[in-house]
Amino acid sequence: MKKNYGLTNTELQIMELLWTAQEPMSFREIMDVALNDWKKTWKVQTLNSFLLGLQKMGLVGTDRGMSSYNVYYALCTKDQHIHNWTKKMVAECYGNSFSRFVAAFIGDGKLSEEEADELRRLL
């Protein structure tokens, strides 16, 4: 099962690109990766819509800097995004209750001794 952490497949694909980029990327650079590596035949508006959506989510920043075009970069690491998404999920689905979350995770079963030890270490 693919883990998207609250993102669509395409949003995650774009974020993975930005998370691994060594420096901010121009719109053209992102579009080139989409065309050449991902085999997407997007129009400019399509990529722009994805980038705007990721900006509204607080995941992507943009800067014009010294050039006449925008560059895009991730505002958080992948681990930070997963952490924030998990906290939001626990808040929305389990009333921000860690015990309700753990109870749902366990279900009717029991934790193994190893799982219990790991949970104790986390707490």
# chains A, B, ... in the order shown; residues from 1 in each chain; ligands from 1
call {"tool": "residues_around", "arguments": {"residues": "Leu12 of chain A", "least_positions_apart": "4", "cutoff": "12 Å", "atoms": "only C-alpha atoms", "output": "PyMOL selection string"}}
result
chain A and resi 2-8+16-19+50-51+53-54+59-60+74+78+81-82
call {"tool": "residues_around", "arguments": {"residues": "Ala34 of chain A", "least_positions_apart": "6", "cutoff": "9 Å", "atoms": "only C-alpha atoms", "output": "MDAnalysis selection string"}}
result
chainID A and resid 14 40:42 47
call {"tool": "select_by_dssp", "arguments": {"residues": "segment 14-117 of chain A", "states": "strand (DSSP E or B)", "output": "ChimeraX atom specification"}}
result
/A:25-26,60-63,71-74
call {"tool": "closest_residue", "arguments": {"among": "A:Asn9, A:Thr20, A:Ser99, A:Thr86", "to": "Trp38 of chain A", "atoms": "only C-alpha atoms"}}
result
A:Asn9
call {"tool": "select_by_dssp", "arguments": {"residues": "segment 13-123 of chain A", "states": "helix (DSSP H, G or I)", "output": "PyMOL selection string"}}
result
chain A and resi 13-20+27-36+44-56+78-94+98-106+113-122
call {"tool": "closest_residue", "arguments": {"among": "A:Val33, A:Cys93, A:Cys76, A:Leu123", "to": "Met57 of chain A", "atoms": "only C-alpha atoms"}}
result
A:Cys76
call {"tool": "residues_around", "arguments": {"residues": "Phe98 of chain A", "least_positions_apart": "3", "cutoff": "12 Å", "atoms": "only C-alpha atoms", "output": "JSON list (two decimals) with C-alpha atoms, in the first residue's frame"}}
result
[["chain", "number", "residue", "atom", "x", "y", "z"],
["A", 86, "THR", "CA", -0.28, 12.26, 11.83],
["A", 87, "LYS", "CA", -1.05, 14.84, 14.52],
["A", 88, "LYS", "CA", -3.85, 16.26, 12.37],
["A", 89, "MET", "CA", -5.27, 12.77, 11.75],
["A", 90, "VAL", "CA", -5.23, 11.92, 15.47],
["A", 91, "ALA", "CA", -6.90, 15.25, 16.25],
["A", 92, "GLU", "CA", -9.60, 14.86, 13.60],
["A", 93, "CYS", "CA", -10.28, 11.13, 13.90],
["A", 94, "TYR", "CA", -9.67, 10.50, 17.59],
["A", 95, "GLY", "CA", -10.51, 13.82, 19.24],
["A", 101, "PHE", "CA", -5.72, 6.30, 18.78],
["A", 102, "VAL", "CA", -3.79, 3.44, 20.43],
["A", 103, "ALA", "CA", -7.05, 1.62, 21.20],
["A", 104, "ALA", "CA", -8.04, 1.86, 17.53],
["A", 105, "PHE", "CA", -4.58, 0.67, 16.50],
["A", 119, "LEU", "CA", 5.26, 2.16, 23.39],
["A", 123, "LEU", "CA", 6.03, 7.66, 26.35]]
call {"tool": "residues_around", "arguments": {"residues": "segment 26-28 of chain A", "least_positions_apart": "2", "cutoff": "7 Å", "atoms": "only C-alpha atoms", "output": "CSV table (one decimal) with C-alpha atoms, in the first residue's frame"}}
result
chain,number,residue,atom,x,y,z
A,24,PRO,CA,14.9,25.5,-5.2
A,30,ILE,CA,9.7,20.9,-12.4
A,31,MET,CA,7.8,20.8,-15.7
A,32,ASP,CA,10.9,19.2,-17.4
A,70,ASN,CA,9.7,31.9,-9.4
A,71,VAL,CA,11.5,29.1,-7.8
A,72,TYR,CA,9.8,26.5,-5.6
call {"tool": "closest_residue", "arguments": {"among": "A:Gly65, A:Gly58, A:Leu35, A:Ser97", "to": "Thr77 of chain A", "atoms": "only C-alpha atoms"}}
result
A:Gly58
call {"tool": "atom_distance", "arguments": {"atom1": "atom CA of Met25 of chain A", "atom2": "atom CA of Tyr73 of chain A"}}
result
6.6 Å
